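Step one of this worksheet: look at the structure below.
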Amino acid sequence: MKFSEVKQGRVFVIRLEDNEIVHEEIEKFAREQSVSAAALVIVGGANKNSKLVVGPENGSVRPISPMTHILGNVHEISGTGTLFPDENGNPVIHMHMACGRNRETITGCIRSGVNVWQIMEVILFELIDTTARRITDSDLGFKLLHP
């Protein structure tokens, strides 16, 4: 286990609009508001053709080859995630969403592009006094959090 202690800063209430791409808008907001680290919760609707990463094709193979699922219709969503800067100081979100429609639910990471259906509501809890970063791990093929 690796950890670091942080303090809570500002809290933002955000409404994402129809057809916005979730990770792009939140990362843009973080840059504009000078938020370098945060914890996030989100609820709302995901539009059809949104893409989720739903696991590795083979958990033993490196680098990891992600599987993608495309939503065939509008889904209700609930998600949680974190935002930390990469090696260049750019804010990078890591968020998982549960997307449900009727009696079926799919859960995955939003990094491939989840489009908002009408609205999504986000609460962003800024984390301050942290040196945590997302650093590219060449073995796994993605950016790992280094607290």
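The way I read the labels, and the way they are meant: chains A, B, ... in the order of the structure tokens, residue 1 as the first residue of every chain, and ligand 1 as the first ligand shown, with later ones counted on from there.
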
Report the closest atom pair, with its distance in Å rounded to one decimal, for each residue of stretch 54-113 of chain A that has an atom no farther than 6 Å from stretch 19-38 of chain A; count only C-alpha atoms, sort by chain and then rising residue number, and write it as JSON lines.
```
{"residue": "A:Thr82", "atom": "CA", "partner": "A:Ala38", "partner_atom": "CA", "distance": 5.7}
{"residue": "A:Leu83", "atom": "CA", "partner": "A:Ala38", "partner_atom": "CA", "distance": 5.0}
{"residue": "A:Phe84", "atom": "CA", "partner": "A:Ala37", "partner_atom": "CA", "distance": 4.5}
{"residue": "A:Pro85", "atom": "CA", "partner": "A:Ser36", "partner_atom": "CA", "distance": 5.9}
{"residue": "A:Pro91", "atom": "CA", "partner": "A:Glu27", "partner_atom": "CA", "distance": 5.7}
```

Extract the full set of alpha helix (DSSP H) residues from chain A according to DSSP on the backbone, and format it as number ranges by chain.
-> A: 22-33

Based on the selection just made, write N, CA and C atoms of those residues as a PDB file, in the first residue's frame.
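Below is the file result-v4.pdb, written as the result:
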```pdb
ATOM      1  N   VAL A  22     -17.812  13.581 -20.931  1.00  0.00           N
ATOM      2  CA  VAL A  22     -17.600  13.750 -19.494  1.00  0.00           C
ATOM      3  C   VAL A  22     -16.148  14.039 -19.144  1.00  0.00           C
ATOM      4  N   HIS A  23     -15.223  13.164 -19.508  1.00  0.00           N
ATOM      5  CA  HIS A  23     -13.840  13.368 -19.055  1.00  0.00           C
ATOM      6  C   HIS A  23     -13.228  14.634 -19.647  1.00  0.00           C
ATOM      7  N   GLU A  24     -13.580  14.979 -20.869  1.00  0.00           N
ATOM      8  CA  GLU A  24     -13.036  16.200 -21.480  1.00  0.00           C
ATOM      9  C   GLU A  24     -13.509  17.444 -20.734  1.00  0.00           C
ATOM     10  N   GLU A  25     -14.793  17.494 -20.386  1.00  0.00           N
ATOM     11  CA  GLU A  25     -15.341  18.671 -19.710  1.00  0.00           C
ATOM     12  C   GLU A  25     -14.800  18.819 -18.293  1.00  0.00           C
ATOM     13  N   ILE A  26     -14.684  17.709 -17.573  1.00  0.00           N
ATOM     14  CA  ILE A  26     -14.190  17.792 -16.194  1.00  0.00           C
ATOM     15  C   ILE A  26     -12.709  18.177 -16.181  1.00  0.00           C
ATOM     16  N   GLU A  27     -11.917  17.615 -17.081  1.00  0.00           N
ATOM     17  CA  GLU A  27     -10.498  17.980 -17.147  1.00  0.00           C
ATOM     18  C   GLU A  27     -10.330  19.444 -17.566  1.00  0.00           C
ATOM     19  N   LYS A  28     -11.164  19.907 -18.491  1.00  0.00           N
ATOM     20  CA  LYS A  28     -11.132  21.323 -18.902  1.00  0.00           C
ATOM     21  C   LYS A  28     -11.498  22.227 -17.721  1.00  0.00           C
ATOM     22  N   PHE A  29     -12.548  21.868 -17.000  1.00  0.00           N
ATOM     23  CA  PHE A  29     -12.967  22.629 -15.821  1.00  0.00           C
ATOM     24  C   PHE A  29     -11.833  22.703 -14.801  1.00  0.00           C
ATOM     25  N   ALA A  30     -11.169  21.575 -14.570  1.00  0.00           N
ATOM     26  CA  ALA A  30     -10.071  21.534 -13.595  1.00  0.00           C
ATOM     27  C   ALA A  30      -8.948  22.491 -14.004  1.00  0.00           C
ATOM     28  N   ARG A  31      -8.612  22.506 -15.283  1.00  0.00           N
ATOM     29  CA  ARG A  31      -7.577  23.434 -15.767  1.00  0.00           C
ATOM     30  C   ARG A  31      -8.017  24.888 -15.548  1.00  0.00           C
ATOM     31  N   GLU A  32      -9.262  25.204 -15.914  1.00  0.00           N
ATOM     32  CA  GLU A  32      -9.767  26.576 -15.802  1.00  0.00           C
ATOM     33  C   GLU A  32      -9.833  27.061 -14.356  1.00  0.00           C
ATOM     34  N   GLN A  33     -10.124  26.156 -13.434  1.00  0.00           N
ATOM     35  CA  GLN A  33     -10.273  26.523 -12.021  1.00  0.00           C
ATOM     36  C   GLN A  33      -9.014  26.245 -11.199  1.00  0.00           C
TER      37      GLN A  33
END
```

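All residues of protein, DNA or RNA that reach within 8 Å of stretch 122-130 of chain A, judged by only C-alpha atoms and not counting those fewer than 6 positions away in the chain, are Ser4, Glu5, Val6, Lys7, Gln8, Gly9, Arg10, Val11, Phe12, Val13, Ile14, Arg15, Leu16, Val35, Ser36, Ala37, Ala38, Ala39, Leu40, Val41, Ile42, Val43 and Pro147 of chain A.
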
Preceding selection exported with C-alpha atoms as a compact mmCIF listing (two decimals), in the first residue's frame:
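Contents of the output file selection-v1.txt:
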```txt
# COMPACT_ATOMS: atom_id res chain seq x y z
CA SER A 4 -0.32 10.28 1.31
CA GLU A 5 -2.38 12.65 3.41
CA VAL A 6 -4.28 15.53 1.77
CA LYS A 7 -6.63 18.29 2.81
CA GLN A 8 -9.98 19.19 1.32
CA GLY A 9 -10.17 22.44 -0.59
CA ARG A 10 -13.06 23.91 -2.52
CA VAL A 11 -16.22 22.02 -3.44
CA PHE A 12 -17.84 22.58 -6.84
CA VAL A 13 -21.32 21.70 -8.07
CA ILE A 14 -21.20 21.18 -11.85
CA ARG A 15 -23.92 20.48 -14.40
CA LEU A 16 -22.72 18.87 -17.61
CA VAL A 35 -7.82 22.24 -9.58
CA SER A 36 -4.94 19.78 -9.66
CA ALA A 37 -6.48 16.97 -7.59
CA ALA A 38 -10.05 16.00 -6.71
CA ALA A 39 -12.53 13.32 -5.76
CA LEU A 40 -15.76 13.20 -7.79
CA VAL A 41 -19.28 11.80 -7.70
CA ILE A 42 -21.65 11.97 -10.68
CA VAL A 43 -25.27 11.10 -11.51
CA PRO A 147 0.37 9.09 -3.95
```

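Of the listed residues A:Thr131, A:Asn102, A:His146, A:Leu140, the one whose atoms come nearest to A:Asn58 is A:Leu140, with distances taken using only C-alpha atoms.
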
Counting only C-alpha atoms, which residues of stretch 83-118 of chain A sit at most 10 Å from some atom of stretch 66-72 of chain A, and what is each one's closest atom pair with its distance in Å to one decimal, listed by chain and rising residue number, as CSV?
```
residue,atom,partner,partner_atom,distance
A:Cys99,CA,A:Leu71,CA,8.6
A:Gly100,CA,A:Leu71,CA,9.9
A:Arg101,CA,A:Leu71,CA,9.8
A:Ile106,CA,A:His69,CA,8.6
A:Thr107,CA,A:His69,CA,9.5
A:Gly108,CA,A:His69,CA,8.4
A:Cys109,CA,A:Thr68,CA,9.3
A:Ile110,CA,A:Thr68,CA,10.0
A:Ser112,CA,A:Thr68,CA,7.9
A:Gly113,CA,A:Ile70,CA,9.6
A:Val114,CA,A:Leu71,CA,9.1
```

Next, the residues of the selection above should be written as a tab-separated table (two decimals), in the first residue's frame with C-alpha atoms.
```
chain	number	residue	atom	x	y	z
A	99	CYS	CA	-24.87	2.52	-16.51
A	100	GLY	CA	-28.33	0.98	-16.24
A	101	ARG	CA	-31.29	0.59	-18.55
A	106	ILE	CA	-22.88	-2.31	-17.30
A	107	THR	CA	-20.01	-0.80	-15.33
A	108	GLY	CA	-16.75	0.54	-16.72
A	109	CYS	CA	-14.20	3.30	-16.99
A	110	ILE	CA	-15.24	6.44	-18.91
A	112	SER	CA	-13.00	6.14	-24.01
A	113	GLY	CA	-15.77	8.77	-24.12
A	114	VAL	CA	-19.11	8.94	-22.32
```
